[in-house]
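Q: Just passing along the structure, written as structure tokens.
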Amino acid sequence: MSIIRVERHAPLKRIGNVLREAKSVLVFVHVNIDGDTIGCAMAVTRLLRRLGKTAWIVLSSEVPAYLRFLCDDGNGEDVAAYCTEDPKRDLPELYADPDVCLAVDCSDERRFGKFTDLFFRGKTIAIDHHATNTGFASMNHVDDRSATGEIIYRLFRAMGETPAKAEAEALYTAIVTDTGRFQYGSVNAETLRITARLYDCGIDQQAITVNVYQSDRPEKVALHTRILNRLELLEGGRVVISTMPYSDLAETGATVDETEGVVEDLRNMKGVEVACFIRESKEGGVKVSLRSKQLLDVAAIAFENGGGGHLRASGFNAKTSLAEETEHMRRVLAAALENAPEA
Ligand SMILES: [Mn+2]
């Protein structure tokens, strides 16, 4: 009988030692890339290269336009200098035999998209903050913090490293995006202490704000206008649902990552407890995003439907049609509200 040892709370110091001993590291991000996953990946990749390692980020989906500045070394947004979408072609030796495969902000191995098999070729490490994390790596460090960016900062410190400016900016981006600009209940004094340390590293917070929050394309605004126009209030205004047929993208010229932020806008309405955004996928089927305000555990709802996430922010994919899933979610959310605790 073989014993597979899985560690859920591997100390960051030991993870740091494994990274220090490695010659090559592949860093894995989750599909539907957000600021936390790519911010962590860029911070750690920059650090590893600074320490003389070969380090690359494996992309299973595109880096959204608003996050590409993280790969800018003063010569433009050079994603290809840090990331590969085809490691077999671009990094044949590393593809065949990586020392370490490190996943950041990924709750399970399905989050790598098509690269699940590649991940398990190296010594596997996962650093994550999702309560629904399955402990899929051989060394896992799962900590219920506001952003995986907080944990990666702590990894730097455990390794005795102070983030360089670009590394600190990547970590700040991870934290500011995953906390909804420091608004979520997951934010605490430690989040702000770590953020203060990142300021001490010389980050250009204004430049990050412009890149992340003040660079929307007109096509994105047109897409959000459509989605918001389609919203439906249910359960006395406590539930809001909106949808996006895949054809919206071609008709507005927007890209799929430009749906970012719309479900939070839906939740912003007074009286809404839970917001649900359902979009058609290119491959068929739908992606459902859920955000709650104060009462509902949307991680549980997502988990029951094969997805995962956080107490107030979660999602899942389904093979249903847009109309079927909308009807399904009307029922699921009405029932969940009925069982929710009182405000
Ligand atoms: Mn995250």
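Going through the structure tokens in order, the chains are called A, B, and so on, while each chain numbers its residues from 1 and the ligands are numbered from 1 in the order shown.
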Please give me, as a CSV table (one decimal) with N, CA and C atoms, in the first residue's frame, the residues lying within 9 Å of ligand 1 when counting only C-alpha atoms and all ligand atoms.
A:
```csv
chain,number,residue,atom,x,y,z
A,34,ASP,N,-7.8,36.4,-12.6
A,34,ASP,CA,-8.1,37.6,-11.8
A,34,ASP,C,-6.8,38.3,-11.3
A,35,GLY,N,-7.0,39.4,-10.6
A,35,GLY,CA,-5.9,40.1,-10.1
A,35,GLY,C,-5.1,39.4,-9.1
A,36,ASP,N,-5.8,38.6,-8.3
A,36,ASP,CA,-5.1,37.8,-7.2
A,36,ASP,C,-4.2,36.7,-7.8
A,37,THR,N,-4.8,35.9,-8.7
A,37,THR,CA,-4.0,34.8,-9.2
A,37,THR,C,-2.8,35.3,-10.0
A,104,VAL,N,-1.0,29.1,-7.4
A,104,VAL,CA,-1.4,30.2,-6.5
A,104,VAL,C,-2.8,30.5,-6.8
A,105,ASP,N,-3.6,30.6,-5.7
A,105,ASP,CA,-5.0,31.0,-5.7
A,105,ASP,C,-5.9,30.0,-6.4
A,106,CYS,N,-5.5,28.8,-6.5
A,106,CYS,CA,-6.3,27.7,-7.1
A,106,CYS,C,-6.9,26.8,-6.1
A,128,ASP,N,-3.0,29.0,-1.2
A,128,ASP,CA,-4.3,29.4,-1.6
A,128,ASP,C,-5.1,30.0,-0.3
A,129,HIS,N,-6.2,30.7,-0.6
A,129,HIS,CA,-7.0,31.2,0.5
A,129,HIS,C,-8.4,30.8,0.4
A,130,HIS,N,-8.8,29.8,-0.5
A,130,HIS,CA,-10.2,29.4,-0.6
A,130,HIS,C,-10.5,28.3,0.4
A,146,SER,N,-7.7,37.5,3.2
A,146,SER,CA,-8.5,38.3,2.2
A,146,SER,C,-8.1,38.0,0.8
A,147,ALA,N,-6.8,37.7,0.6
A,147,ALA,CA,-6.3,37.5,-0.8
A,147,ALA,C,-5.1,36.5,-0.7
A,148,THR,N,-4.9,35.7,-1.7
A,148,THR,CA,-3.7,34.9,-1.7
A,148,THR,C,-2.4,35.8,-1.7
A,149,GLY,N,-2.6,37.0,-2.2
A,149,GLY,CA,-1.5,38.0,-2.1
A,149,GLY,C,-0.9,38.3,-0.8
A,174,ALA,N,-3.0,42.2,-6.3
A,174,ALA,CA,-3.6,40.9,-5.8
A,174,ALA,C,-4.6,41.3,-4.7
A,175,ILE,N,-4.1,42.1,-3.7
A,175,ILE,CA,-4.9,42.4,-2.6
A,175,ILE,C,-6.1,43.4,-2.9
A,177,THR,N,-7.6,44.0,-5.6
A,177,THR,CA,-8.7,43.4,-6.5
A,177,THR,C,-9.5,42.4,-5.7
A,178,ASP,N,-8.8,41.5,-4.9
A,178,ASP,CA,-9.6,40.5,-4.3
A,178,ASP,C,-10.4,40.9,-3.0
A,179,THR,N,-10.1,42.1,-2.6
A,179,THR,CA,-10.8,42.7,-1.4
A,179,THR,C,-11.9,43.7,-1.9
A,309,GLY,N,-15.3,28.7,-4.1
A,309,GLY,CA,-15.1,30.1,-3.9
A,309,GLY,C,-15.1,30.4,-2.4
A,310,HIS,N,-15.7,31.6,-2.2
A,310,HIS,CA,-15.7,32.2,-0.8
A,310,HIS,C,-17.1,32.4,-0.3
```
Q: Assign secondary structure with DSSP using the backbone only, and return the residues of range 207-333 of chain A in alpha helix (DSSP H) as a ChimeraX atom specification.
A: /A:207-213,218-229,247-252,262-267,298-304,322-333
Q: Selection from above, C-alpha atoms, as a PDB file, in the first residue's frame, can you write it?
A:
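For reference, out.pdb as written:
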```
ATOM      1  CA  ALA A 207      -0.605  54.074 -11.520  1.00  0.00           C
ATOM      2  CA  ILE A 208      -2.103  50.758 -10.397  1.00  0.00           C
ATOM      3  CA  THR A 209      -5.490  52.414  -9.813  1.00  0.00           C
ATOM      4  CA  VAL A 210      -5.475  53.905 -13.316  1.00  0.00           C
ATOM      5  CA  ASN A 211      -4.476  50.574 -14.880  1.00  0.00           C
ATOM      6  CA  VAL A 212      -6.919  48.409 -12.952  1.00  0.00           C
ATOM      7  CA  TYR A 213      -9.941  50.665 -12.395  1.00  0.00           C
ATOM      8  CA  PRO A 218     -16.049  51.832 -24.506  1.00  0.00           C
ATOM      9  CA  GLU A 219     -16.794  48.258 -25.598  1.00  0.00           C
ATOM     10  CA  LYS A 220     -16.741  47.138 -21.970  1.00  0.00           C
ATOM     11  CA  VAL A 221     -19.086  49.949 -20.953  1.00  0.00           C
ATOM     12  CA  ALA A 222     -21.456  48.937 -23.774  1.00  0.00           C
ATOM     13  CA  LEU A 223     -21.398  45.317 -22.571  1.00  0.00           C
ATOM     14  CA  HIS A 224     -22.095  46.285 -18.946  1.00  0.00           C
ATOM     15  CA  THR A 225     -24.945  48.565 -20.071  1.00  0.00           C
ATOM     16  CA  ARG A 226     -26.591  45.616 -21.807  1.00  0.00           C
ATOM     17  CA  ILE A 227     -26.135  43.288 -18.852  1.00  0.00           C
ATOM     18  CA  LEU A 228     -27.445  45.849 -16.346  1.00  0.00           C
ATOM     19  CA  ASN A 229     -30.444  46.586 -18.597  1.00  0.00           C
ATOM     20  CA  SER A 247     -23.597  36.941 -28.870  1.00  0.00           C
ATOM     21  CA  ASP A 248     -23.290  40.068 -26.670  1.00  0.00           C
ATOM     22  CA  LEU A 249     -19.521  39.894 -27.099  1.00  0.00           C
ATOM     23  CA  ALA A 250     -19.589  40.068 -30.891  1.00  0.00           C
ATOM     24  CA  GLU A 251     -22.325  42.706 -30.844  1.00  0.00           C
ATOM     25  CA  THR A 252     -20.479  45.041 -28.463  1.00  0.00           C
ATOM     26  CA  VAL A 262     -20.608  43.528 -13.412  1.00  0.00           C
ATOM     27  CA  VAL A 263     -21.793  41.090 -10.743  1.00  0.00           C
ATOM     28  CA  GLU A 264     -20.420  43.397  -8.038  1.00  0.00           C
ATOM     29  CA  ASP A 265     -22.352  46.295  -9.611  1.00  0.00           C
ATOM     30  CA  LEU A 266     -25.513  44.199  -9.383  1.00  0.00           C
ATOM     31  CA  ARG A 267     -24.846  43.501  -5.706  1.00  0.00           C
ATOM     32  CA  VAL A 298     -22.587  31.455  -1.723  1.00  0.00           C
ATOM     33  CA  ALA A 299     -19.510  29.202  -1.470  1.00  0.00           C
ATOM     34  CA  ALA A 300     -21.865  26.439  -0.314  1.00  0.00           C
ATOM     35  CA  ILE A 301     -24.234  27.065  -3.228  1.00  0.00           C
ATOM     36  CA  ALA A 302     -21.346  26.981  -5.703  1.00  0.00           C
ATOM     37  CA  PHE A 303     -19.868  23.859  -4.099  1.00  0.00           C
ATOM     38  CA  GLU A 304     -23.201  22.016  -4.395  1.00  0.00           C
ATOM     39  CA  LEU A 322     -28.928  30.193 -20.313  1.00  0.00           C
ATOM     40  CA  ALA A 323     -32.716  29.943 -19.911  1.00  0.00           C
ATOM     41  CA  GLU A 324     -32.536  26.673 -17.957  1.00  0.00           C
ATOM     42  CA  GLU A 325     -29.844  27.961 -15.613  1.00  0.00           C
ATOM     43  CA  THR A 326     -31.693  31.224 -14.996  1.00  0.00           C
ATOM     44  CA  GLU A 327     -34.778  29.269 -13.960  1.00  0.00           C
ATOM     45  CA  HIS A 328     -32.612  26.937 -11.836  1.00  0.00           C
ATOM     46  CA  MET A 329     -30.940  29.856 -10.034  1.00  0.00           C
ATOM     47  CA  ARG A 330     -34.269  31.627  -9.403  1.00  0.00           C
ATOM     48  CA  ARG A 331     -35.325  28.541  -7.448  1.00  0.00           C
ATOM     49  CA  VAL A 332     -31.972  27.905  -5.741  1.00  0.00           C
ATOM     50  CA  LEU A 333     -31.593  31.492  -4.509  1.00  0.00           C
TER      51      LEU A 333
END
```
Q: From the list A:Lys123, A:Arg110, A:Arg193, A:Lys88, which residue is nearest Glu21 in chain A when using only C-alpha atoms?
A: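 Checking each of A:Lys123, A:Arg110, A:Arg193, A:Lys88 against Glu21 in chain A, counting only C-alpha atoms, the winner is A:Lys123.
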Q: Write out as a list of chain:residue names which residues come within 7 Å of Gly122 in chain A when counting only C-alpha atoms, dropping same-chain ones fewer than 2 positions away.
A: A:Asp97, A:Pro98, A:Asp99, A:Val100, A:Cys101, A:Phe119, A:Phe120, A:Thr124
Q: If you keep C-alpha atoms, can you produce a file of those selected residues as a PDB file, in the first residue's frame?
A:
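Written file, out-v7.pdb:
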```pdb
ATOM      1  CA  ASP A  97      10.980  17.837 -16.201  1.00  0.00           C
ATOM      2  CA  PRO A  98      10.027  20.802 -13.965  1.00  0.00           C
ATOM      3  CA  ASP A  99      11.551  20.751 -10.460  1.00  0.00           C
ATOM      4  CA  VAL A 100       8.620  22.411  -8.741  1.00  0.00           C
ATOM      5  CA  CYS A 101       5.065  23.200  -9.841  1.00  0.00           C
ATOM      6  CA  PHE A 119       1.194  20.279 -12.783  1.00  0.00           C
ATOM      7  CA  PHE A 120       1.701  16.805 -11.333  1.00  0.00           C
ATOM      8  CA  THR A 124       3.727  20.126  -6.171  1.00  0.00           C
TER       9      THR A 124
END
```
Q: For a test of reading the model, state the distance in Å between CA of Gly39 in chain A and CA of Thr173 in chain A, rounded to one decimal.
A: 6.0 Å
Q: I'd like the neighbourhood of Asp86 in chain A as a PDB file with C-alpha atoms, in the first residue's frame, where a residue qualifies if any of its atoms comes within 12 Å (using only C-alpha atoms), though same-chain residues fewer than 2 positions away should be ignored.
A:
```pdb
ATOM      1  CA  TRP A  56       7.553  30.719 -15.915  1.00  0.00           C
ATOM      2  CA  ILE A  57       3.821  31.188 -15.512  1.00  0.00           C
ATOM      3  CA  VAL A  58       1.632  28.646 -17.303  1.00  0.00           C
ATOM      4  CA  LEU A  59      -1.481  30.332 -18.698  1.00  0.00           C
ATOM      5  CA  SER A  60      -4.610  28.351 -19.381  1.00  0.00           C
ATOM      6  CA  SER A  61      -6.466  31.524 -20.364  1.00  0.00           C
ATOM      7  CA  GLU A  62      -5.452  35.008 -21.472  1.00  0.00           C
ATOM      8  CA  ALA A  80       5.294  36.636 -23.299  1.00  0.00           C
ATOM      9  CA  CYS A  83       4.005  33.632 -19.331  1.00  0.00           C
ATOM     10  CA  THR A  84       3.451  30.832 -21.795  1.00  0.00           C
ATOM     11  CA  LYS A  88       5.478  22.171 -24.598  1.00  0.00           C
ATOM     12  CA  ARG A  89       6.463  24.389 -27.526  1.00  0.00           C
ATOM     13  CA  ASP A  90       8.049  27.304 -25.631  1.00  0.00           C
ATOM     14  CA  LEU A  91       9.819  25.463 -22.791  1.00  0.00           C
ATOM     15  CA  PRO A  92      10.400  21.871 -23.963  1.00  0.00           C
ATOM     16  CA  LEU A  94      11.014  22.549 -18.466  1.00  0.00           C
ATOM     17  CA  TYR A  95       7.844  20.940 -19.788  1.00  0.00           C
ATOM     18  CA  LYS A 114      -5.892  22.005 -19.801  1.00  0.00           C
ATOM     19  CA  PHE A 115      -2.671  21.902 -17.728  1.00  0.00           C
ATOM     20  CA  LEU A 118       1.608  19.035 -16.367  1.00  0.00           C
TER      21      LEU A 118
END
```
Q: Given only C-alpha atoms as the basis, pick out the residue of A:Gly16, A:Gly284, A:Gly307, A:Gly315 nearest to Thr134 in chain A.
A: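 Ranking A:Gly16, A:Gly284, A:Gly307, A:Gly315 by distance to Thr134 in chain A, first place goes to A:Gly307.
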Q: May I ask which of the residues A:Pro64, A:Asp108, A:Gly76, A:Arg230 is the closest one to Thr259 in chain A, counting only C-alpha atoms?
A: A:Pro64
Q: In terms of the shortest atom-to-atom distance over only C-alpha atoms, which of A:Leu311, A:Leu290, A:Glu260, A:Thr255 is closest to Tyr184 in chain A?
A: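 Selected residue with least distance to Tyr184 in chain A: A:Leu311.
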Q: Running DSSP on the backbone, which parts of range 235-323 of chain A land in strand (DSSP E or B), as a list of chain:residue names?
A: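 Those residues are A:Val239, A:Val240, A:Ile241, A:Ser242, A:Thr243, A:Met244, A:Val274, A:Ala275, A:Cys276, A:Phe277, A:Ile278, A:Arg279, A:Glu280, A:Val286, A:Lys287, A:Val288, A:Ser289, A:Leu290, A:Arg291, A:Ser292, A:Gly308, A:Gly309, A:Ala313, A:Ser314, A:Gly315, A:Phe316, A:Asn317, A:Ala318.
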Q: Mind checking which residues fall within 10 Å of Asp216 in chain A, counting only C-alpha atoms, ignoring those fewer than 6 positions away in the same chain, and posting them as a compact mmCIF listing (two decimals) with C-alpha atoms, in the first residue's frame?
A:
```
# COMPACT_ATOMS: atom_id res chain seq x y z
CA ALA A 65 -6.06 43.70 -20.58
CA TYR A 66 -6.41 45.53 -17.24
CA VAL A 210 -5.48 53.90 -13.32
CA GLU A 258 -14.57 42.49 -19.66
```
Q: Tell me, in Å to one decimal, how far CA of Phe112 in chain A is from CA of Val31 in chain A.
A: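 CA of Val31 in chain A lies at a distance of 6.1 Å from CA of Phe112 in chain A.
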Q: Contacts of range 156-168 of chain A at 7 Å or less, counting only C-alpha atoms, minus same-chain residues fewer than 3 places along, as JSON, numbers by chain?
A: {"A": [12, 13, 16, 43, 46, 152, 153, 171, 172, 198, 201, 202, 203]}
Q: Can you write out the residues you just picked, keeping N, CA and C atoms, as a PDB file, in the first residue's frame?
A:
```
ATOM      1  N   LEU A  12       5.285  28.111   5.634  1.00  0.00           N
ATOM      2  CA  LEU A  12       5.810  28.902   4.516  1.00  0.00           C
ATOM      3  C   LEU A  12       7.341  28.832   4.478  1.00  0.00           C
ATOM      4  N   LYS A  13       7.945  28.679   5.634  1.00  0.00           N
ATOM      5  CA  LYS A  13       9.404  28.602   5.696  1.00  0.00           C
ATOM      6  C   LYS A  13       9.892  27.375   4.906  1.00  0.00           C
ATOM      7  N   GLY A  16       9.348  27.890   1.291  1.00  0.00           N
ATOM      8  CA  GLY A  16      10.424  28.775   0.828  1.00  0.00           C
ATOM      9  C   GLY A  16      11.721  28.009   0.579  1.00  0.00           C
ATOM     10  N   ALA A  43       4.446  38.180  -8.851  1.00  0.00           N
ATOM     11  CA  ALA A  43       5.333  38.508  -7.729  1.00  0.00           C
ATOM     12  C   ALA A  43       6.324  37.366  -7.490  1.00  0.00           C
ATOM     13  N   ARG A  46       8.802  36.880 -10.521  1.00  0.00           N
ATOM     14  CA  ARG A  46       9.859  37.906 -10.490  1.00  0.00           C
ATOM     15  C   ARG A  46      10.875  37.604  -9.381  1.00  0.00           C
ATOM     16  N   ILE A 152       1.363  35.303  -0.089  1.00  0.00           N
ATOM     17  CA  ILE A 152       2.620  35.373  -0.852  1.00  0.00           C
ATOM     18  C   ILE A 152       3.549  36.420  -0.238  1.00  0.00           C
ATOM     19  N   TYR A 153       2.977  37.522   0.270  1.00  0.00           N
ATOM     20  CA  TYR A 153       3.822  38.484   0.996  1.00  0.00           C
ATOM     21  C   TYR A 153       4.488  37.787   2.185  1.00  0.00           C
ATOM     22  N   LEU A 171       1.732  42.304  -5.748  1.00  0.00           N
ATOM     23  CA  LEU A 171       1.037  41.859  -4.525  1.00  0.00           C
ATOM     24  C   LEU A 171      -0.065  42.845  -4.123  1.00  0.00           C
ATOM     25  N   TYR A 172       0.211  44.134  -4.278  1.00  0.00           N
ATOM     26  CA  TYR A 172      -0.829  45.138  -3.982  1.00  0.00           C
ATOM     27  C   TYR A 172      -2.035  44.924  -4.915  1.00  0.00           C
ATOM     28  N   LEU A 198       3.730  47.090   1.721  1.00  0.00           N
ATOM     29  CA  LEU A 198       3.900  47.185   0.264  1.00  0.00           C
ATOM     30  C   LEU A 198       4.120  48.641  -0.153  1.00  0.00           C
ATOM     31  N   CYS A 201       7.562  49.513   0.144  1.00  0.00           N
ATOM     32  CA  CYS A 201       8.418  48.993  -0.934  1.00  0.00           C
ATOM     33  C   CYS A 201       8.408  49.922  -2.159  1.00  0.00           C
ATOM     34  N   GLY A 202       7.675  51.029  -2.054  1.00  0.00           N
ATOM     35  CA  GLY A 202       7.740  52.029  -3.117  1.00  0.00           C
ATOM     36  C   GLY A 202       6.724  51.862  -4.240  1.00  0.00           C
ATOM     37  N   ILE A 203       5.612  51.205  -3.967  1.00  0.00           N
ATOM     38  CA  ILE A 203       4.622  51.005  -5.038  1.00  0.00           C
ATOM     39  C   ILE A 203       4.051  52.337  -5.534  1.00  0.00           C
TER      40      ILE A 203
END
```
Q: Just to confirm, what's the straight-line distance from CA of Lys319 in chain A to CA of Val286 in chain A in Å (one decimal)?
A: 6.3 Å
Q: Identify which of the residues A:Ile38, A:Ala131, A:Cys71, A:Val142 lies closest to Gly308 in chain A, counting only C-alpha atoms when measuring atom-to-atom distances.
A: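 Once distances to Gly308 in chain A are computed over only C-alpha atoms, the minimum belongs to A:Ala131.
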Q: Any idea what's packed within 7 Å of Ile125 in chain A, counting only C-alpha atoms, ignoring anything in its chain fewer than 6 positions away? Could you give it as a list in words?
A: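 Residues near the query, excluding close chain neighbours: Cys101, Leu102, Ala103, Ala137, Ser138, Met139 and Asn140 of chain A.
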Q: Restricting the calculation to only C-alpha atoms, which member of A:Ala96, A:Leu234, A:Ile278, A:Leu155 is positioned closest to Val18 in chain A?
A: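 Checking each candidate against Val18 in chain A, we get A:Leu155 as the closest.
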